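Here the structure is laid out as structure tokens; the discussion comes afterwards.
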Amino acid sequence: MRRYYLPQETGVLKALYKKLLNKERPLPPFPRVVQIQTKSGCNARCVFCPNSIVGPKLTHGEMDWELFTKVTDEITRHPVARISPYLMNEPLMDRNLGKKIRYLAERKRPDTIIKINSNGALLDEEMGEQPIESGLDRINFSVHGIRKETYESQMVGLKLEKVLENIDQFLELKKRKGASKPRVRVTMVRTKAIEEELPEIMAYWKARGVRVNVRPLENRALKEIAAKDLNPKKWKPFSFCNRLFEQAYILYNGDVVLCCVDWERTTILGNLWEQSLEEIWNSPQYQEIRRRYLAGELKGLLCQRCLTI
């Protein structure tokens, strides 16, 4: 994982030390990754996700087209590594997602990747066409388990047979069209529930030519998730997190929140109707949060509550 320092607080010699010996990088002047919540909400209540706890308490909506184009036009002027038109939501709930991805794809730099994560339950024929025709580069399907009982107890509200059928149909549609994109992966978090069936999971997706990514479980800064008996190991604080230094997170109404785990919207850094993302990214408020994080002064910050395995 990359580590960063704040150039404005570092002299020339100290900067050289950080770069050469500690392999640290200066904070980039613009985020390397941007997530955009084009429409809030999710059709599932996964036990390891804050949506099952916080989601019903939140205000919801769809991003205004004028705001989406304003945000996109700014982001695509910069050398961004990845743009993800989803955040704390199921992206396929936005039936206009293909139009938005196409707008991004037509303006992004050639080396910028457009990627979404989806549970696949809404991947009907119409929504299956959109990722292929719009210019999406990658789609990750969150499929937590391969046995019906395991999956449906973890991804509450979804049906395993339907999701697997949808993904198979999508893979077949992509093959029929001779499409190289979007690249497909299956992703999941490591919980006690899936430990014993990981060999089955790997074999199932390998037979379909799909890579699997098993990520560490996070409590997403919520004590309610930390209290659940989900974790195969002991919870521990993150040793270092690069999200504050690489990634920006935009809600449907233009609010920029601190992190992808800031479901409760504890830290609003600014709003993109009123400011540019570049201004918010380099604002005194954000820089002070980064300084405190690097100094280990986490009391009162959302970061203090984040745990992983």
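Identifiers in the structure tokens: chain A, B, ... in order shown; residue index from 1 per chain; ligand index from 1 in order shown.
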Listing only residues of region 75-165 of chain A within 9 Å of region 199-207 of chain A, what is the closest atom pair and its distance in Å (to one decimal) for each, using only C-alpha atoms, sorted by chain and residue number ascending, as JSON lines?
{"residue": "A:Gly145", "atom": "CA", "partner": "A:Ile201", "partner_atom": "CA", "distance": 6.7}
{"residue": "A:Ile146", "atom": "CA", "partner": "A:Ile201", "partner_atom": "CA", "distance": 5.7}
{"residue": "A:Arg147", "atom": "CA", "partner": "A:Ile201", "partner_atom": "CA", "distance": 8.8}
Quick one: write out the picked residues with N, CA, C and O atoms as an mmCIF file, in the first residue's frame?
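File again_15.cif, as written:
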data_model
loop_
_atom_site.group_PDB
_atom_site.id
_atom_site.type_symbol
_atom_site.label_atom_id
_atom_site.label_comp_id
_atom_site.auth_asym_id
_atom_site.auth_seq_id
_atom_site.Cartn_x
_atom_site.Cartn_y
_atom_site.Cartn_z
ATOM 1 N N GLY A 145 -20.565 -16.185 -1.484
ATOM 2 C CA GLY A 145 -20.858 -17.597 -1.248
ATOM 3 C C GLY A 145 -21.351 -18.276 -2.517
ATOM 4 O O GLY A 145 -21.718 -17.623 -3.495
ATOM 5 N N ILE A 146 -21.353 -19.604 -2.505
ATOM 6 C CA ILE A 146 -21.828 -20.358 -3.661
ATOM 7 C C ILE A 146 -22.891 -21.376 -3.254
ATOM 8 O O ILE A 146 -23.549 -21.983 -4.097
ATOM 9 N N ARG A 147 -23.097 -21.553 -1.962
ATOM 10 C CA ARG A 147 -24.185 -22.401 -1.468
ATOM 11 C C ARG A 147 -25.380 -21.498 -1.148
ATOM 12 O O ARG A 147 -25.204 -20.421 -0.562
#
Interface rows for region 22-61 of chain A against region 213-226 of chain A: nearest pair, Å to one decimal, 12 Å, only C-alpha atoms, as CSV:
residue,atom,partner,partner_atom,distance
A:Cys46,CA,A:Ile225,CA,10.8
A:Val47,CA,A:Ile225,CA,7.9
A:Phe48,CA,A:Ile225,CA,6.5
A:Cys49,CA,A:Arg220,CA,7.6
A:Pro50,CA,A:Arg220,CA,7.0
A:Asn51,CA,A:Arg220,CA,10.5
A:Ser52,CA,A:Ile225,CA,9.8
A:Ile53,CA,A:Glu224,CA,7.9
A:Val54,CA,A:Leu222,CA,9.5
Closest to Ile101 (chain A) among A:Glu125, A:Glu195, A:Glu74, A:Asp137, using only C-alpha atoms?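 Using only C-alpha atoms, Ile101 (chain A) sits closest to A:Asp137.
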If you take only C-alpha atoms and a cut-off of 10 Å, which residues of region 43-159 of chain A touch region 269-282 of chain A, and what are their nearest atom pairs and distances in Å to one decimal, in chain and number order, as CSV?
residue,atom,partner,partner_atom,distance
A:Glu66,CA,A:Trp273,CA,9.6
A:Leu67,CA,A:Trp273,CA,6.9
A:Phe68,CA,A:Leu272,CA,9.7
A:Lys70,CA,A:Leu272,CA,8.4
A:Val71,CA,A:Leu272,CA,7.3
A:Glu74,CA,A:Leu277,CA,7.7
A:Ile75,CA,A:Leu277,CA,8.0
A:His78,CA,A:Glu278,CA,9.8
What lies within 12 Å of Leu301 (chain A) using only C-alpha atoms, ignoring chain neighbours under 6 positions off, as a list of chain:residue names?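 Near neighbours after the sequence-gap exclusion: A:Ala221, A:Leu244, A:Leu258, A:Cys259, A:Asp262, A:Thr266, A:Thr267, A:Tyr286, A:Glu288, A:Ile289, A:Arg290, A:Arg291, A:Arg292, A:Tyr293.
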Would you mind telling me which residue in A:Leu302, A:Leu6, A:Leu136, A:Lys181 lies nearest to Cys260 (chain A) when using only C-alpha atoms? A:Leu302
Between A:Cys241, A:Met155, A:Leu97, A:Ile116, which one has atoms that come closest to Ile194 (chain A), using only C-alpha atoms?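 Residue with the minimum atom-to-atom distance to Ile194 (chain A): A:Met155.
Nearest residue to Arg82 (chain A) among A:Thr191, A:Gln247, A:Ser40, A:Gln130 is A:Gln247, counting only C-alpha atoms.
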Shell around Val163 (chain A) at 8 Å using only C-alpha atoms, local window under 4 positions removed, as a PyMOL selection string: chain A and resi 119-121+158-159+167
Output file for the selection above: all heavy atoms, as a short mmCIF file (atom, residue, chain, number, x, y, z; two decimals), in the first residue's frame:
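Listing of selection_6.cif after writing:
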data_model
loop_
_atom_site.label_atom_id
_atom_site.label_comp_id
_atom_site.auth_asym_id
_atom_site.auth_seq_id
_atom_site.Cartn_x
_atom_site.Cartn_y
_atom_site.Cartn_z
N ASN A 119 -24.24 -6.26 -7.25
CA ASN A 119 -24.61 -7.59 -6.75
C ASN A 119 -25.22 -8.46 -7.86
O ASN A 119 -25.44 -9.65 -7.66
CB ASN A 119 -25.54 -7.50 -5.54
CG ASN A 119 -26.83 -6.75 -5.82
OD1 ASN A 119 -27.49 -6.94 -6.84
ND2 ASN A 119 -27.21 -5.88 -4.88
N GLY A 120 -25.51 -7.88 -9.01
CA GLY A 120 -25.97 -8.65 -10.16
C GLY A 120 -27.43 -9.03 -10.17
O GLY A 120 -27.93 -9.58 -11.16
N ALA A 121 -28.16 -8.73 -9.11
CA ALA A 121 -29.56 -9.17 -9.04
C ALA A 121 -30.46 -8.44 -10.02
O ALA A 121 -31.51 -8.97 -10.41
CB ALA A 121 -30.08 -8.97 -7.61
N LEU A 158 -31.65 -11.20 -1.60
CA LEU A 158 -31.31 -11.65 -2.95
C LEU A 158 -31.43 -13.17 -3.04
O LEU A 158 -31.37 -13.87 -2.03
CB LEU A 158 -29.88 -11.22 -3.31
CG LEU A 158 -29.56 -9.73 -3.17
CD1 LEU A 158 -28.14 -9.46 -3.66
CD2 LEU A 158 -30.56 -8.87 -3.94
N LYS A 159 -31.59 -13.68 -4.27
CA LYS A 159 -31.72 -15.11 -4.52
C LYS A 159 -30.52 -15.58 -5.33
O LYS A 159 -30.25 -15.05 -6.42
CB LYS A 159 -33.01 -15.43 -5.27
CG LYS A 159 -34.28 -15.04 -4.51
CD LYS A 159 -34.39 -15.82 -3.21
CE LYS A 159 -35.65 -15.45 -2.44
NZ LYS A 159 -35.71 -16.13 -1.11
N ILE A 167 -25.60 -13.54 -14.17
CA ILE A 167 -24.18 -13.39 -14.53
C ILE A 167 -23.83 -14.30 -15.70
O ILE A 167 -23.11 -13.90 -16.63
CB ILE A 167 -23.28 -13.68 -13.31
CG1 ILE A 167 -23.54 -12.63 -12.22
CG2 ILE A 167 -21.80 -13.66 -13.71
CD1 ILE A 167 -22.82 -12.89 -10.91
#
Taking the DSSP secondary structure from the backbone, can you list the residues of region 3-112 of chain A that are strand (DSSP E), as a VMD selection string? chain A and resid 3 to 5 24 to 26 33 to 36 45 to 46 82 to 84
